Every structure is written in structure tokens, then in C-alpha cells.
file model-v6.cif (mmCIF, C-alpha atoms)
data_entry
#
loop_
_atom_site.label_atom_id
_atom_site.label_comp_id
_atom_site.auth_asym_id
_atom_site.auth_seq_id
_atom_site.Cartn_x
_atom_site.Cartn_y
_atom_site.Cartn_z
CA MET A 1 -12.98 -29.06 -8.06
CA LEU A 2 -11.48 -25.88 -9.48
CA ARG A 3 -13.22 -26.09 -12.85
CA ARG A 4 -16.60 -25.68 -11.16
CA GLY A 5 -15.41 -22.37 -9.68
CA ARG A 6 -17.43 -22.66 -6.47
CA PRO A 7 -15.89 -21.30 -3.24
CA GLU A 8 -16.66 -24.50 -1.32
CA ASP A 9 -14.86 -26.55 -3.99
CA GLU A 10 -11.89 -24.19 -3.85
CA ASP A 11 -11.76 -24.52 -0.06
CA ALA A 12 -11.85 -28.31 -0.40
CA ALA A 13 -9.03 -28.16 -2.96
CA ILE A 14 -6.93 -26.01 -0.63
CA LYS A 15 -7.50 -28.46 2.23
CA LEU A 16 -6.54 -31.42 0.06
CA LEU A 17 -3.39 -29.72 -1.23
CA LEU A 18 -2.26 -28.69 2.25
CA GLU A 19 -2.85 -32.18 3.59
CA THR A 20 -0.82 -33.60 0.71
CA TYR A 21 1.97 -31.09 1.39
CA ALA A 22 2.00 -32.01 5.08
CA ARG A 23 2.31 -35.67 4.14
CA THR A 24 4.85 -35.40 1.30
CA ARG A 25 6.67 -32.11 2.05
CA VAL A 26 6.59 -31.41 -1.69
CA TYR A 27 6.41 -27.62 -1.74
CA GLN A 28 4.58 -27.38 -5.08
CA PHE A 29 1.40 -28.57 -3.32
CA LYS A 30 1.65 -25.66 -0.86
CA MET A 31 2.27 -23.24 -3.72
CA ARG A 32 -0.81 -24.48 -5.55
CA ALA A 33 -2.94 -24.03 -2.44
CA ASP A 34 -1.58 -20.49 -2.01
CA GLU A 35 -2.42 -19.65 -5.62
CA ILE A 36 -6.04 -20.65 -5.08
CA ARG A 37 -6.19 -18.60 -1.88
CA MET A 38 -4.71 -15.59 -3.67
CA ARG A 39 -7.35 -15.86 -6.34
CA GLN A 40 -10.10 -15.98 -3.72
CA LEU A 41 -8.77 -12.90 -1.94
CA ARG A 42 -8.35 -11.01 -5.20
CA ARG A 43 -11.92 -11.83 -6.14
CA ARG A 44 -13.20 -10.38 -2.86
CA VAL A 45 -11.36 -7.11 -3.53
CA GLU A 46 -12.82 -6.89 -7.03
CA GLN A 47 -16.31 -7.69 -5.82
CA ALA A 48 -16.21 -5.01 -3.10
CA ARG A 49 -14.98 -2.45 -5.63
CA ALA A 50 -17.71 -3.42 -8.08
CA GLU A 51 -20.26 -2.87 -5.32
CA GLY A 52 -18.77 0.53 -4.53
CA ASP A 53 -17.84 -0.48 -0.97
CA GLU A 54 -14.41 1.16 -0.71
CA LYS A 55 -14.02 0.39 3.00
CA ALA A 56 -14.57 -3.34 2.45
CA ALA A 57 -12.32 -3.22 -0.63
CA ALA A 58 -9.51 -1.67 1.43
CA GLU A 59 -9.91 -4.30 4.15
CA HIS A 60 -9.87 -7.15 1.63
CA LEU A 61 -6.89 -5.60 -0.15
CA LYS A 62 -4.90 -5.50 3.09
CA LYS A 63 -5.72 -9.15 3.78
CA MET A 64 -4.75 -10.07 0.22
CA LEU A 65 -1.42 -8.23 0.37
CA ASP A 66 -0.56 -9.59 3.82
CA PHE A 67 -1.18 -13.13 2.58
CA GLU A 68 0.68 -12.67 -0.69
CA ILE A 69 3.69 -11.07 1.01
CA GLU A 70 4.05 -14.02 3.35
CA ALA A 71 3.57 -16.46 0.46
CA TYR A 72 6.32 -14.87 -1.63
CA ILE A 73 8.68 -14.63 1.34
CA GLU A 74 8.18 -18.37 1.76
CA ARG A 75 8.79 -19.01 -1.94
CA ILE A 76 12.02 -17.03 -1.86
CA HIS A 77 13.10 -19.14 1.10
CA HIS A 78 12.55 -22.30 -0.97
CA TYR A 79 13.89 -20.84 -4.23
CA PRO A 80 16.42 -18.13 -3.28
CA THR A 81 17.77 -17.72 -6.83
CA GLU A 82 14.35 -17.23 -8.44
CA VAL A 83 14.37 -13.48 -9.01
CA ARG A 84 10.81 -13.30 -10.36
CA TYR A 85 9.54 -14.14 -6.88
CA LYS A 86 11.58 -11.21 -5.55
CA TYR A 87 9.92 -8.96 -8.11
CA GLU A 88 6.48 -10.18 -7.05
CA LEU A 89 7.36 -9.65 -3.38
CA GLY A 90 8.72 -6.17 -4.06
CA LYS A 91 5.56 -5.27 -5.99
CA ARG A 92 3.38 -6.37 -3.05
CA TYR A 93 5.51 -4.39 -0.60
CA PHE A 94 5.03 -1.36 -2.85
CA MET A 95 1.27 -1.88 -3.05
CA ALA A 96 1.19 -2.14 0.75
CA ARG A 97 3.19 1.14 0.94
CA ARG A 98 6.03 -0.65 2.70
CA PHE A 99 8.57 1.28 0.66
CA ASP A 100 11.64 0.65 2.83
CA GLU A 101 11.10 -3.09 2.42
CA ALA A 102 10.24 -2.84 -1.26
CA VAL A 103 13.40 -1.07 -2.46
CA PRO A 104 16.08 -3.63 -1.53
CA VAL A 105 13.99 -6.54 -2.83
CA LEU A 106 13.33 -4.75 -6.12
CA GLN A 107 17.01 -3.83 -6.41
CA GLN A 108 17.81 -7.54 -6.37
CA ALA A 109 14.96 -8.38 -8.74
CA ARG A 110 16.06 -5.87 -11.39
CA ASN A 111 18.81 -8.26 -12.42
CA ASP A 112 16.09 -10.18 -14.26
CA PRO A 113 15.92 -8.69 -17.79
CA LYS A 114 12.23 -9.57 -18.06
CA ASN A 115 11.22 -7.40 -15.09
CA ARG A 116 14.07 -4.88 -15.09
CA MET A 117 12.06 -1.88 -16.27
CA ALA A 118 9.12 -2.65 -13.99
CA CYS A 119 11.55 -2.88 -11.06
CA LEU A 120 13.21 0.43 -11.93
CA SER A 121 9.82 2.14 -12.17
CA LEU A 122 8.73 0.79 -8.80
CA ILE A 123 12.07 1.64 -7.15
CA ALA A 124 11.76 5.19 -8.46
CA GLN A 125 8.17 5.43 -7.23
CA CYS A 126 9.31 4.26 -3.79
CA PHE A 127 11.96 7.00 -3.76
CA TYR A 128 9.31 9.48 -4.93
CA GLN A 129 6.94 8.50 -2.12
CA LYS A 130 9.78 8.84 0.39
CA GLY A 131 10.65 12.31 -0.92
CA TYR A 132 13.98 11.18 -2.42
CA TYR A 133 13.33 12.98 -5.70
CA ASP A 134 16.92 13.15 -6.95
CA GLN A 135 17.30 9.40 -6.47
CA ALA A 136 14.02 8.79 -8.28
CA ILE A 137 15.22 10.93 -11.19
CA ASN A 138 18.52 9.05 -11.43
CA VAL A 139 16.83 5.64 -11.44
CA LEU A 140 14.32 6.69 -14.09
CA LEU A 141 17.01 8.20 -16.32
CA GLU A 142 18.89 4.91 -16.02
CA GLY A 143 15.80 3.04 -17.16
CA ILE A 144 15.04 5.41 -20.04
CA LYS A 145 18.64 5.21 -21.27
CA ALA A 146 18.58 1.42 -21.20
CA TYR A 147 15.13 0.98 -22.76
CA PRO A 148 15.29 0.82 -26.56
CA ILE A 149 11.65 1.64 -27.41
CA GLU A 150 10.04 5.08 -27.35
CA GLY A 151 6.36 5.74 -26.90
CA ASP A 152 5.14 2.34 -25.71
CA GLU A 153 3.52 1.79 -22.30
CA VAL A 154 6.81 1.09 -20.53
CA SER A 155 8.43 4.19 -21.98
CA LYS A 156 5.45 6.39 -21.12
CA ASP A 157 5.43 5.06 -17.55
CA LEU A 158 9.13 5.83 -17.05
CA HIS A 159 8.76 9.31 -18.51
CA TYR A 160 5.62 10.03 -16.50
CA TRP A 161 7.28 9.31 -13.19
CA LEU A 162 10.38 11.18 -14.32
CA ALA A 163 8.20 14.23 -14.98
CA ARG A 164 6.51 13.81 -11.59
CA ALA A 165 9.91 13.59 -9.88
CA TYR A 166 11.20 16.65 -11.75
CA GLU A 167 8.04 18.52 -10.74
CA ALA A 168 8.36 17.53 -7.08
CA ALA A 169 12.07 18.46 -7.08
CA GLY A 170 11.25 21.94 -8.38
CA GLN A 171 12.83 21.32 -11.78
CA THR A 172 9.89 22.85 -13.63
CA GLU A 173 11.49 23.24 -17.05
CA ALA A 174 12.58 19.59 -17.11
CA ALA A 175 9.08 18.54 -15.98
CA ILE A 176 7.47 20.59 -18.75
CA GLN A 177 9.75 19.09 -21.37
CA THR A 178 9.08 15.54 -20.16
CA TYR A 179 5.30 15.96 -19.91
CA GLY A 180 5.43 17.47 -23.39
CA GLN A 181 7.16 14.37 -24.72
CA ILE A 182 4.48 12.17 -23.18
CA ILE A 183 1.57 14.00 -24.77
CA GLN A 184 3.30 13.82 -28.14
CA TRP A 185 3.10 10.04 -27.77
CA ASP A 186 -0.31 9.90 -26.09
CA TYR A 187 -2.35 13.08 -25.70
CA ASN A 188 -4.75 11.50 -23.20
CA TYR A 189 -2.20 9.50 -21.22
CA ARG A 190 -3.54 8.48 -17.81
CA GLY A 191 -6.89 10.03 -18.59
CA GLY A 192 -5.27 13.34 -19.52
CA ASP A 193 -3.30 13.65 -16.28
CA ALA A 194 0.02 14.26 -18.07
CA ARG A 195 -1.59 17.02 -20.18
CA GLN A 196 -3.20 18.64 -17.14
CA ARG A 197 0.08 18.56 -15.23
CA LEU A 198 1.85 20.09 -18.21
CA GLN A 199 -0.67 22.94 -18.33
CA ALA A 200 -0.37 23.53 -14.58
CA ALA A 201 3.42 23.57 -14.77
CA GLN A 202 3.37 26.01 -17.66
CA GLN A 203 1.00 28.33 -15.85
CA GLY A 204 3.17 28.28 -12.75
CA ARG A 205 6.41 28.79 -14.66
CA LYS A 206 8.18 32.07 -14.05
CA PRO A 207 8.78 34.07 -17.25
CA GLU A 208 12.29 33.91 -18.57
CA ALA A 209 14.36 37.06 -18.91
CA GLY A 210 13.04 39.27 -21.70
CA GLN A 211 9.52 37.76 -21.68
#
call {"tool": "encode", "arguments": {"input": "model-v6.cif", "output": "C-alpha cells"}}
result
Amino acid sequence: MLRRGRPEDEDAAIKLLLETYARTRVYQFKMRADEIRMRQLRRRVEQARAEGDEKAAAEHLKKMLDFEIEAYIERIHHYPTEVRYKYELGKRYFMARRFDEAVPVLQQARNDPKNRMACLSLIAQCFYQKGYYDQAINVLLEGIKAYPIEGDEVSKDLHYWLARAYEAAGQTEAAIQTYGQIIQWDYNYRGGDARQRLQAAQQGRKPEAGQ
């Protein structure tokens, strides 16, 4: 059914999987049905965006996130020690701007070495969105100190949000230094946003004594 890629076949597959789950209580069947449903919802978001219908895209995105959040909550209930599901749940909370719910889940998920840096970045971004700039800075500095590679995508992401947090906290000199490090690695990072923020920070910087 799924190989043909037709929505009606996907719906039939979901129905069959859910019926099998109801009969056997084997949770993997429910998970498989949820994965198909997630793919359908994601496809609707992408299609609306491709058509330039931002209102429809936003509506489909909300439906997708609501469904995925409930699915991952259920998975955590069945597999409470599986931290990657906590990371996925925390990421969906973040995407839904449910920051107060995202932070504690991501704090648990960061114990997984595979997703540790992604969790720290998202935790810091939650703090940033809440206006907790000092906390965002501390989390990002923790991540940068622990991450052994400089200049890759993970490193640039951590430094970018550190610079944003410094900027928001009024620590202009630290923001300038951090944006400067980013453009040394990637001059056009985020479509030039880091460079533009560096220029704006420099222009707004008060002259030091003697200048």
C-alpha cells in the first residue's frame, strides 16, 4: 500500500494497522500508523508552503504539531527510558512555541550524547524567547565548552544564538566578538544575518574612551 504513495492507500494502511493494534495490543502497530499520519500531515504543510498559502500552511502546521506532540507523549508513556522520544517531544513543543513545556523535557533529553547539543541549543532558544537572556548565555557557553569542533554547523548554531543572547542582554562587545567569529567561519551564515547583525551592533556601539 505504502509503496504506491497514494493517500487512499495510506489511509487504508493506517486503518489496518490500528485494527491490528486494537486486536493484538502490540504498540509497534500504533507507532507505524502514527508515522504514516505524520508523513501525511507534513506533506500538507509542504504543499501549502509551495503554493504560497501561508494561512493554510500555518493551520496544517498546527495540526501536525498537535498530532505529533500527542504521539510522542504516548511513546514516552510506553518507553519512559527512551530519551530520543523526549528530544523529539521537546523539539515539537519548541516549534509550537510551548516553551515552558519544552524546557524540562529537553533538559531530560540532553543526557543522550547524540542529541545533547541540539537540546542545549533549543533550551537556550526557549530561554531567549522567554527573555531569560543570562540563562540562555550560560547554557550556550556550556554547549560550546563541551563541543570539540569549531566552525561546523553545530558550532555555528551555538555561537549564533550566543551572540543573539548577548545582543539582547545588552552585552554589545561580547555580541560583536561572537558574530565576528561566526563570519570568520562562514561569511554568509544564515543568508548574511550574522554579518548584518555584526554591522548593526558595531554601528550602535558607543565609542570607547579616547576614540
call {"tool": "resolve_selection", "arguments": {"input": "model-v6.cif", "expression": "the PyMOL selection byres ((chain A and resi 112) around 10)", "output": "PDB file with C-alpha atoms, keeping the file's coordinate frame"}}
result
ATOM      1  CA  GLU A  82      14.350 -17.230  -8.440  1.00  0.00           C
ATOM      2  CA  VAL A  83      14.370 -13.480  -9.010  1.00  0.00           C
ATOM      3  CA  ARG A  84      10.810 -13.300 -10.360  1.00  0.00           C
ATOM      4  CA  LYS A  86      11.580 -11.210  -5.550  1.00  0.00           C
ATOM      5  CA  TYR A  87       9.920  -8.960  -8.110  1.00  0.00           C
ATOM      6  CA  GLN A 108      17.810  -7.540  -6.370  1.00  0.00           C
ATOM      7  CA  ALA A 109      14.960  -8.380  -8.740  1.00  0.00           C
ATOM      8  CA  ARG A 110      16.060  -5.870 -11.390  1.00  0.00           C
ATOM      9  CA  ASN A 111      18.810  -8.260 -12.420  1.00  0.00           C
ATOM     10  CA  PRO A 113      15.920  -8.690 -17.790  1.00  0.00           C
ATOM     11  CA  LYS A 114      12.230  -9.570 -18.060  1.00  0.00           C
ATOM     12  CA  ASN A 115      11.220  -7.400 -15.090  1.00  0.00           C
ATOM     13  CA  ARG A 116      14.070  -4.880 -15.090  1.00  0.00           C
ATOM     14  CA  MET A 117      12.060  -1.880 -16.270  1.00  0.00           C
ATOM     15  CA  CYS A 119      11.550  -2.880 -11.060  1.00  0.00           C
TER      16      CYS A 119
END
call {"tool": "residues_around", "arguments": {"input": "model-v6.cif", "residues": "Ala169 of chain A", "least_positions_apart": "6", "cutoff": "10 Å", "atoms": "all atoms listed in the file", "output": "ChimeraX atom specification"}}
result
/A:128,131-134,136-137,163,175
call {"tool": "atom_distance", "arguments": {"input": "model-v6.cif", "atom1": "atom CA of Ala174 of chain A", "atom2": "atom CA of Leu162 of chain A"}}
result
9.1 Å
call {"tool": "atom_distance", "arguments": {"input": "model-v6.cif", "atom1": "atom CA of Gly180 of chain A", "atom2": "atom CA of Arg195 of chain A"}}
result
7.7 Å
call {"tool": "closest_residue", "arguments": {"input": "model-v6.cif", "among": "A:Pro7, A:Ile73, A:Glu153, A:Tyr27", "to": "Arg43 of chain A", "atoms": "only C-alpha atoms"}}
result
A:Pro7
call {"tool": "closest_residue", "arguments": {"input": "model-v6.cif", "among": "A:Leu17, A:Glu88, A:Tyr179, A:Gln47", "to": "Gly192 of chain A", "atoms": "only C-alpha atoms"}}
result
A:Tyr179
call {"tool": "closest_residue", "arguments": {"input": "model-v6.cif", "among": "A:Pro148, A:Tyr21, A:Met64, A:Asp53", "to": "Gln40 of chain A", "atoms": "all atoms listed in the file"}}
result
A:Met64
call {"tool": "closest_residue", "arguments": {"input": "model-v6.cif", "among": "A:Phe99, A:Gly52, A:Leu89, A:Ser155", "to": "Glu70 of chain A", "atoms": "all atoms listed in the file"}}
result
A:Leu89
call {"tool": "residues_around", "arguments": {"input": "model-v6.cif", "residues": "Glu101 of chain A", "least_positions_apart": "2", "cutoff": "12 Å", "atoms": "only C-alpha atoms", "output": "list in words"}}
result
Ile69, Ile73, Lys86, Leu89, Gly90, Lys91, Arg92, Tyr93, Phe94, Met95, Ala96, Arg97, Arg98, Phe99, Val103, Pro104, Val105, Leu106, Gln107, Gln108, Ile123, Cys126 and Phe127 of chain A
call {"tool": "residues_around", "arguments": {"input": "model-v6.cif", "residues": "Gly151 of chain A", "least_positions_apart": "2", "cutoff": "12 Å", "atoms": "all atoms listed in the file", "output": "VMD selection string"}}
result
chain A and resid 144 147 to 149 153 to 160 181 to 187 189
call {"tool": "atom_distance", "arguments": {"input": "model-v6.cif", "atom1": "atom CA of Lys130 of chain A", "atom2": "atom CA of Trp161 of chain A"}}
result
13.8 Å
call {"tool": "closest_residue", "arguments": {"input": "model-v6.cif", "among": "A:Leu65, A:Leu18, A:Ala168, A:Ala194", "to": "Gln129 of chain A", "atoms": "all atoms listed in the file"}}
result
A:Ala168
call {"tool": "resolve_selection", "arguments": {"input": "model-v6.cif", "expression": "the PyMOL selection byres ((chain A and resi 36) around 9)", "output": "NGL selection string"}}
result
:A and (2 or 10-11 or 13-14 or 31-35 or 37-41)
call {"tool": "closest_residue", "arguments": {"input": "model-v6.cif", "among": "A:Ala165, A:Val45, A:Leu120, A:Ile176", "to": "Lys145 of chain A", "atoms": "all atoms listed in the file"}}
result
A:Leu120
call {"tool": "resolve_selection", "arguments": {"input": "model-v6.cif", "expression": "the PyMOL selection byres ((chain A and resi 78) around 12)", "output": "NGL selection string"}}
result
:A and (25-28 or 30-31 or 71-77 or 79-82 or 85)
